[in-house]
Amino acid sequence: MAGIVVVFDFDKTIIDCDSDNFVVDDLGFTDLFNQLLPTMPWNTLMDRMMMELHSNEKTIEDIVEVLQKIPIHPRVIPAIKSAHALGCDLRVVSDANMFFIETILKHLRIRECFSEINSNPGYVDEEGKLRILPYHDFTKCPHGCSLCPPNMCKGLIIDRIQNSISPEENKRFIYLGDGAGDYCPSLRFKEKDFVMPRKNFPVWDLICKDPLLVKAEIHEWSDGEDLERVLLQLINKISMDGSAQLISNDCKLQNLPVSAHVPQVLRV
Ligand SMILES: [Mg+2]
Ligand SMILES: [Zn+2]
């Protein structure tokens with residue numbers, strides 16, 4: 001469906017763990033990470049941890065090797081491929097970093113399914129050390145959102161994506177996430193949009209406190225199998241809505257945009 005934008009969080013949504021923790025733990029730096037965590041923002045700490053890895057002779061190849069064995073639920077890749085094949089515009093909005101996400105998505109052979117990745121900059125410097133920088137430079141211009149960590153307000157990224165699409169296109173959004181950082185963007189969507197919070201995860205807890213604050217329709221999911229089922233049902237529902245509109249508008253039945261590949265499941 002050309003009219004649908006699906007926005008995915010990355011950690012614990014596309015992959016089944018937190019990529020930052022996974023790398024730190026796998027390379028044996030958990031204690032240092034926990035010791036430093038109370039002293040600085042998470043994003044700053046990840047840059048510091050990459051420096052520590054480098055000074056302890058852990059190479060970029062070591063980090064890539066860890067990233068390539070990160071756990072993912074077996075139904076998530078088919079879900080992403082199906083949504084892409086149905087013509088949805090898929091994007092990532094994540095507080096991990098560009099290097100981790102690009103490396104993992106390329107390894108899983110699904111990088112080309114996404115039109116855009118929004119995350120903290122991550123690059124290998126001239127010494128071969130991975131640098132992780134904040135998405136928003138919070139020392140120069142703080143984003144001013146009290147719901148979000150200083151380095152990234154996902155709500156502002158959603159605003160930017162929404163503003164880049166003309167209202168005539170009448171795009172509808174589906175947003176999937178698990179973390180507290182996915183709450184701010186969940187508040188930005190409209191009645192015609194859908195938010196998919198992961199059940200019993202922080203974003204779900206926050207939404208449950210006062211669900212009326214979220215204007216979009218809420219559809220929870222708990223694992224990759226659920227993610228696939230709910231996501232494809234929503235895409236199908238939206239495409240059916242579109243065809244119903246077309247019938248009532250001009251009765252051109254032969255132009256129905258419902259493809260034979262769309263699963264015929266209506267209830268969500
Ligand atoms: Mg997450
Ligand atoms: Zn925010």
# chains A, B, ... in the order shown; residues from 1 in each chain; ligands from 1
$ closest_atom_pairs --of "stretch 5-82 of chain A" --to "stretch 216-226 of chain A" --cutoff "12 Å" --atoms "only C-alpha atoms" --output "Markdown table"
| residue | atom | partner | partner_atom | distance |
| --- | --- | --- | --- | --- |
| A:Lys12 | CA | A:Asp223 | CA | 9.5 |
| A:Thr13 | CA | A:Gly224 | CA | 8.2 |
| A:Ile14 | CA | A:Gly224 | CA | 8.3 |
| A:Ile15 | CA | A:Gly224 | CA | 9.2 |
| A:Asp16 | CA | A:Gly224 | CA | 8.4 |
| A:Cys17 | CA | A:Asp223 | CA | 11.8 |
| A:Pro71 | CA | A:Gly224 | CA | 11.5 |
| A:Ile72 | CA | A:Gly224 | CA | 8.3 |
| A:His73 | CA | A:Gly224 | CA | 5.3 |
| A:Pro74 | CA | A:Gly224 | CA | 7.1 |
| A:Arg75 | CA | A:Gly224 | CA | 5.4 |
| A:Val76 | CA | A:Gly224 | CA | 5.3 |
| A:Ile77 | CA | A:Gly224 | CA | 9.0 |
| A:Pro78 | CA | A:Gly224 | CA | 9.9 |
| A:Ala79 | CA | A:Gly224 | CA | 8.5 |
| A:Ile80 | CA | A:Gly224 | CA | 10.7 |
$ residues_near_ligand --ligand "ligand 1" --cutoff "12 Å" --atoms "only C-alpha atoms and all ligand atoms" --output "MDAnalysis selection string"
chainID A and resid 8:21 92:96 119 154 175:183 197:198 201:204
$ write_last_selection --atoms "C-alpha atoms" --output "short mmCIF file (atom, residue, chain, number, x, y, z; two decimals), in the first residue's frame"
data_model
loop_
_atom_site.label_atom_id
_atom_site.label_comp_id
_atom_site.auth_asym_id
_atom_site.auth_seq_id
_atom_site.Cartn_x
_atom_site.Cartn_y
_atom_site.Cartn_z
CA PHE A 8 9.84 0.83 13.51
CA ASP A 9 11.80 1.32 16.69
CA PHE A 10 14.89 -0.96 16.50
CA ASP A 11 15.98 -2.42 19.88
CA LYS A 12 13.46 -4.93 21.31
CA THR A 13 11.18 -4.25 18.33
CA ILE A 14 13.03 -5.36 15.16
CA ILE A 15 15.74 -7.21 17.10
CA ASP A 16 14.83 -9.05 20.28
CA CYS A 17 17.31 -7.37 22.64
CA ASP A 18 19.05 -4.04 23.21
CA SER A 19 21.98 -3.76 20.79
CA ASP A 20 24.01 -1.48 23.10
CA ASN A 21 23.73 -3.91 26.04
CA VAL A 92 13.48 3.16 11.39
CA VAL A 93 13.55 5.65 14.27
CA SER A 94 15.98 4.43 16.94
CA ASP A 95 18.08 5.61 19.87
CA ALA A 96 20.75 2.98 19.05
CA SER A 119 19.39 7.25 14.64
CA LYS A 154 11.59 10.70 18.54
CA TYR A 175 4.29 3.02 14.64
CA LEU A 176 5.88 0.07 16.46
CA GLY A 177 7.97 0.35 19.64
CA ASP A 178 8.64 -0.92 23.13
CA GLY A 179 10.58 1.66 25.12
CA ALA A 180 9.85 4.81 27.13
CA GLY A 181 11.36 6.77 24.22
CA ASP A 182 8.53 5.51 21.99
CA TYR A 183 5.88 7.25 24.10
CA PRO A 197 3.12 -0.78 21.68
CA ARG A 198 4.84 -3.96 22.86
CA PHE A 201 7.07 -3.02 28.01
CA PRO A 202 7.65 0.64 29.12
CA VAL A 203 5.77 2.33 26.23
CA TRP A 204 2.74 0.09 26.88
#
$ residues_near_ligand --ligand "ligand 2" --cutoff "10 Å" --atoms "only C-alpha atoms and all ligand atoms" --output "PyMOL selection string"
chain A and resi 143-150+152-158+181-188
$ select_by_dssp --residues "stretch 96-152 of chain A" --states "strand (DSSP E)" --output "count of residues only"
15
$ select_by_dssp --residues "stretch 85-266 of chain A" --states "alpha helix (DSSP H)" --output "PyMOL selection string"
chain A and resi 85+98-107+154-163+183-186+202-209+224-250
$ closest_atom_pairs --of "stretch 100-194 of chain A" --to "stretch 42-63 of chain A" --cutoff "12 Å" --atoms "only C-alpha atoms" --output "tab-separated table"
residue	atom	partner	partner_atom	distance
A:Phe100	CA	A:Ile63	CA	8.9
A:Thr103	CA	A:Ile63	CA	9.9
A:Ile104	CA	A:Ile63	CA	11.1
A:Ser119	CA	A:Asn43	CA	11.1
A:Asn120	CA	A:Asn43	CA	8.3
A:Pro121	CA	A:Asn43	CA	10.4
A:Gly122	CA	A:Asp47	CA	9.0
A:Tyr123	CA	A:Ile60	CA	10.3
A:Val124	CA	A:Ile60	CA	7.9
A:Asp125	CA	A:Ile60	CA	10.5
A:Glu126	CA	A:Ile60	CA	11.9
A:Glu127	CA	A:His54	CA	8.9
A:Gly128	CA	A:Ile60	CA	6.8
A:Lys129	CA	A:His54	CA	5.8
A:Leu130	CA	A:Met50	CA	5.8
A:Arg131	CA	A:Asp47	CA	5.6
A:Ile132	CA	A:Asp47	CA	4.7
A:Leu133	CA	A:Asp47	CA	6.9
A:Pro134	CA	A:Asn43	CA	6.4
A:Tyr135	CA	A:Asn43	CA	9.3
A:His136	CA	A:Asn43	CA	11.0
A:Asp137	CA	A:Thr44	CA	11.4
A:Phe138	CA	A:Thr44	CA	11.1
A:Thr139	CA	A:Thr44	CA	12.0
A:Pro149	CA	A:Trp42	CA	8.6
A:Pro150	CA	A:Asn43	CA	9.0
A:Asn151	CA	A:Asn43	CA	6.9
A:Met152	CA	A:Asn43	CA	9.2
$ write_last_selection --atoms "N, CA and C atoms" --output "PDB file, in the first residue's frame"
ATOM      1  N   PHE A 100      25.481   0.380  14.229  1.00  0.00           N
ATOM      2  CA  PHE A 100      24.898  -0.895  14.671  1.00  0.00           C
ATOM      3  C   PHE A 100      23.732  -1.287  13.741  1.00  0.00           C
ATOM      4  N   THR A 103      24.729  -2.196  10.114  1.00  0.00           N
ATOM      5  CA  THR A 103      25.454  -3.470  10.109  1.00  0.00           C
ATOM      6  C   THR A 103      24.485  -4.643  10.264  1.00  0.00           C
ATOM      7  N   ILE A 104      23.550  -4.519  11.211  1.00  0.00           N
ATOM      8  CA  ILE A 104      22.618  -5.621  11.477  1.00  0.00           C
ATOM      9  C   ILE A 104      21.639  -5.801  10.304  1.00  0.00           C
ATOM     10  N   SER A 119      18.795   7.702  13.379  1.00  0.00           N
ATOM     11  CA  SER A 119      19.395   7.254  14.637  1.00  0.00           C
ATOM     12  C   SER A 119      20.573   8.143  14.987  1.00  0.00           C
ATOM     13  N   ASN A 120      21.197   7.862  16.134  1.00  0.00           N
ATOM     14  CA  ASN A 120      22.382   8.621  16.517  1.00  0.00           C
ATOM     15  C   ASN A 120      23.512   8.310  15.541  1.00  0.00           C
ATOM     16  N   PRO A 121      24.279   9.341  15.128  1.00  0.00           N
ATOM     17  CA  PRO A 121      25.397   9.079  14.209  1.00  0.00           C
ATOM     18  C   PRO A 121      26.388   8.087  14.827  1.00  0.00           C
ATOM     19  N   GLY A 122      26.884   7.152  14.020  1.00  0.00           N
ATOM     20  CA  GLY A 122      27.900   6.215  14.466  1.00  0.00           C
ATOM     21  C   GLY A 122      28.871   6.011  13.321  1.00  0.00           C
ATOM     22  N   TYR A 123      30.159   6.222  13.561  1.00  0.00           N
ATOM     23  CA  TYR A 123      31.128   6.071  12.474  1.00  0.00           C
ATOM     24  C   TYR A 123      32.481   5.626  13.040  1.00  0.00           C
ATOM     25  N   VAL A 124      33.298   5.050  12.184  1.00  0.00           N
ATOM     26  CA  VAL A 124      34.619   4.593  12.589  1.00  0.00           C
ATOM     27  C   VAL A 124      35.614   5.723  12.313  1.00  0.00           C
ATOM     28  N   ASP A 125      36.332   6.174  13.337  1.00  0.00           N
ATOM     29  CA  ASP A 125      37.278   7.288  13.142  1.00  0.00           C
ATOM     30  C   ASP A 125      38.611   6.789  12.578  1.00  0.00           C
ATOM     31  N   GLU A 126      39.559   7.718  12.386  1.00  0.00           N
ATOM     32  CA  GLU A 126      40.832   7.373  11.724  1.00  0.00           C
ATOM     33  C   GLU A 126      41.674   6.387  12.536  1.00  0.00           C
ATOM     34  N   GLU A 127      41.396   6.272  13.854  1.00  0.00           N
ATOM     35  CA  GLU A 127      42.130   5.302  14.682  1.00  0.00           C
ATOM     36  C   GLU A 127      41.456   3.924  14.691  1.00  0.00           C
ATOM     37  N   GLY A 128      40.327   3.822  13.963  1.00  0.00           N
ATOM     38  CA  GLY A 128      39.608   2.544  13.951  1.00  0.00           C
ATOM     39  C   GLY A 128      38.696   2.385  15.147  1.00  0.00           C
ATOM     40  N   LYS A 129      38.368   3.535  15.762  1.00  0.00           N
ATOM     41  CA  LYS A 129      37.512   3.502  16.951  1.00  0.00           C
ATOM     42  C   LYS A 129      36.103   3.926  16.544  1.00  0.00           C
ATOM     43  N   LEU A 130      35.091   3.215  17.058  1.00  0.00           N
ATOM     44  CA  LEU A 130      33.707   3.589  16.744  1.00  0.00           C
ATOM     45  C   LEU A 130      33.304   4.781  17.604  1.00  0.00           C
ATOM     46  N   ARG A 131      32.812   5.828  16.968  1.00  0.00           N
ATOM     47  CA  ARG A 131      32.320   7.006  17.695  1.00  0.00           C
ATOM     48  C   ARG A 131      30.799   7.007  17.609  1.00  0.00           C
ATOM     49  N   ILE A 132      30.147   7.297  18.718  1.00  0.00           N
ATOM     50  CA  ILE A 132      28.685   7.383  18.754  1.00  0.00           C
ATOM     51  C   ILE A 132      28.310   8.765  19.264  1.00  0.00           C
ATOM     52  N   LEU A 133      27.616   9.522  18.442  1.00  0.00           N
ATOM     53  CA  LEU A 133      27.288  10.911  18.782  1.00  0.00           C
ATOM     54  C   LEU A 133      25.778  11.062  18.996  1.00  0.00           C
ATOM     55  N   PRO A 134      25.385  12.165  19.663  1.00  0.00           N
ATOM     56  CA  PRO A 134      23.942  12.371  19.857  1.00  0.00           C
ATOM     57  C   PRO A 134      23.252  12.801  18.564  1.00  0.00           C
ATOM     58  N   TYR A 135      21.978  12.400  18.394  1.00  0.00           N
ATOM     59  CA  TYR A 135      21.192  12.817  17.222  1.00  0.00           C
ATOM     60  C   TYR A 135      20.970  14.326  17.249  1.00  0.00           C
ATOM     61  N   HIS A 136      20.544  14.837  18.416  1.00  0.00           N
ATOM     62  CA  HIS A 136      20.425  16.289  18.590  1.00  0.00           C
ATOM     63  C   HIS A 136      21.644  16.729  19.402  1.00  0.00           C
ATOM     64  N   ASP A 137      22.325  17.779  18.961  1.00  0.00           N
ATOM     65  CA  ASP A 137      23.447  18.299  19.737  1.00  0.00           C
ATOM     66  C   ASP A 137      22.893  19.068  20.936  1.00  0.00           C
ATOM     67  N   PHE A 138      22.769  18.347  22.075  1.00  0.00           N
ATOM     68  CA  PHE A 138      22.045  18.948  23.204  1.00  0.00           C
ATOM     69  C   PHE A 138      22.840  20.017  23.941  1.00  0.00           C
ATOM     70  N   THR A 139      24.161  20.119  23.672  1.00  0.00           N
ATOM     71  CA  THR A 139      24.911  21.201  24.310  1.00  0.00           C
ATOM     72  C   THR A 139      24.638  22.519  23.582  1.00  0.00           C
ATOM     73  N   PRO A 149      15.051  11.546  26.250  1.00  0.00           N
ATOM     74  CA  PRO A 149      16.440  11.757  26.664  1.00  0.00           C
ATOM     75  C   PRO A 149      17.050  12.917  25.870  1.00  0.00           C
ATOM     76  N   PRO A 150      18.111  13.573  26.436  1.00  0.00           N
ATOM     77  CA  PRO A 150      18.633  14.795  25.807  1.00  0.00           C
ATOM     78  C   PRO A 150      19.119  14.598  24.364  1.00  0.00           C
ATOM     79  N   ASN A 151      19.602  13.386  24.037  1.00  0.00           N
ATOM     80  CA  ASN A 151      20.202  13.184  22.714  1.00  0.00           C
ATOM     81  C   ASN A 151      19.184  12.932  21.604  1.00  0.00           C
ATOM     82  N   MET A 152      17.944  12.554  21.962  1.00  0.00           N
ATOM     83  CA  MET A 152      16.987  12.247  20.896  1.00  0.00           C
ATOM     84  C   MET A 152      15.543  12.373  21.362  1.00  0.00           C
TER      85      MET A 152
END
$ atom_distance --atom1 "atom CA of A:Phe189" --atom2 "atom CA of A:Lys215"
6.4 Å
$ decode --residues "stretch 189-211 of chain A" --atoms "N, CA and C atoms" --output "tab-separated table (two decimals), in the first residue's frame"
chain	number	residue	atom	x	y	z
A	189	PHE	N	0.60	10.98	16.61
A	189	PHE	CA	-0.20	10.47	15.49
A	189	PHE	C	-1.67	10.85	15.61
A	190	LYS	N	-2.37	10.77	14.46
A	190	LYS	CA	-3.76	11.21	14.40
A	190	LYS	C	-4.72	10.02	14.47
A	191	GLU	N	-6.01	10.31	14.50
A	191	GLU	CA	-7.05	9.28	14.63
A	191	GLU	C	-6.94	8.22	13.55
A	192	LYS	N	-6.52	8.59	12.34
A	192	LYS	CA	-6.46	7.64	11.22
A	192	LYS	C	-5.22	6.74	11.30
A	193	ASP	N	-4.31	7.02	12.26
A	193	ASP	CA	-3.05	6.27	12.37
A	193	ASP	C	-3.15	5.15	13.41
A	194	PHE	N	-2.07	4.36	13.50
A	194	PHE	CA	-2.05	3.21	14.41
A	194	PHE	C	-0.74	3.18	15.20
A	195	VAL	N	-0.87	2.88	16.49
A	195	VAL	CA	0.32	2.73	17.32
A	195	VAL	C	0.33	1.29	17.83
A	196	MET	N	1.48	0.62	17.68
A	196	MET	CA	1.63	-0.76	18.15
A	196	MET	C	2.66	-0.84	19.28
A	197	PRO	N	2.20	-0.67	20.54
A	197	PRO	CA	3.12	-0.78	21.68
A	197	PRO	C	3.34	-2.24	22.06
A	198	ARG	N	4.56	-2.57	22.44
A	198	ARG	CA	4.84	-3.96	22.86
A	198	ARG	C	4.29	-4.16	24.28
A	199	LYS	N	3.44	-5.17	24.41
A	199	LYS	CA	2.73	-5.40	25.66
A	199	LYS	C	3.68	-5.69	26.83
A	200	ASN	N	3.39	-5.04	27.98
A	200	ASN	CA	4.18	-5.17	29.21
A	200	ASN	C	5.58	-4.59	29.11
A	201	PHE	N	5.82	-3.74	28.13
A	201	PHE	CA	7.07	-3.02	28.01
A	201	PHE	C	6.79	-1.55	28.36
A	202	PRO	N	7.86	-0.73	28.60
A	202	PRO	CA	7.65	0.64	29.12
A	202	PRO	C	6.65	1.50	28.33
A	203	VAL	N	6.69	1.47	26.99
A	203	VAL	CA	5.77	2.33	26.23
A	203	VAL	C	4.32	1.92	26.47
A	204	TRP	N	4.09	0.63	26.63
A	204	TRP	CA	2.74	0.09	26.88
A	204	TRP	C	2.24	0.55	28.26
A	205	ASP	N	3.14	0.48	29.26
A	205	ASP	CA	2.79	0.95	30.61
A	205	ASP	C	2.40	2.43	30.57
A	206	LEU	N	3.20	3.22	29.86
A	206	LEU	CA	2.93	4.66	29.79
A	206	LEU	C	1.60	4.95	29.10
A	207	ILE	N	1.33	4.23	28.00
A	207	ILE	CA	0.07	4.44	27.27
A	207	ILE	C	-1.11	4.02	28.14
A	208	CYS	N	-0.96	2.90	28.89
A	208	CYS	CA	-2.06	2.39	29.71
A	208	CYS	C	-2.47	3.35	30.83
A	209	LYS	N	-1.55	4.21	31.25
A	209	LYS	CA	-1.87	5.16	32.33
A	209	LYS	C	-3.01	6.08	31.91
A	210	ASP	N	-3.04	6.48	30.64
A	210	ASP	CA	-4.11	7.33	30.14
A	210	ASP	C	-4.21	7.17	28.61
A	211	PRO	N	-4.85	6.06	28.20
A	211	PRO	CA	-4.87	5.73	26.76
A	211	PRO	C	-5.52	6.81	25.89
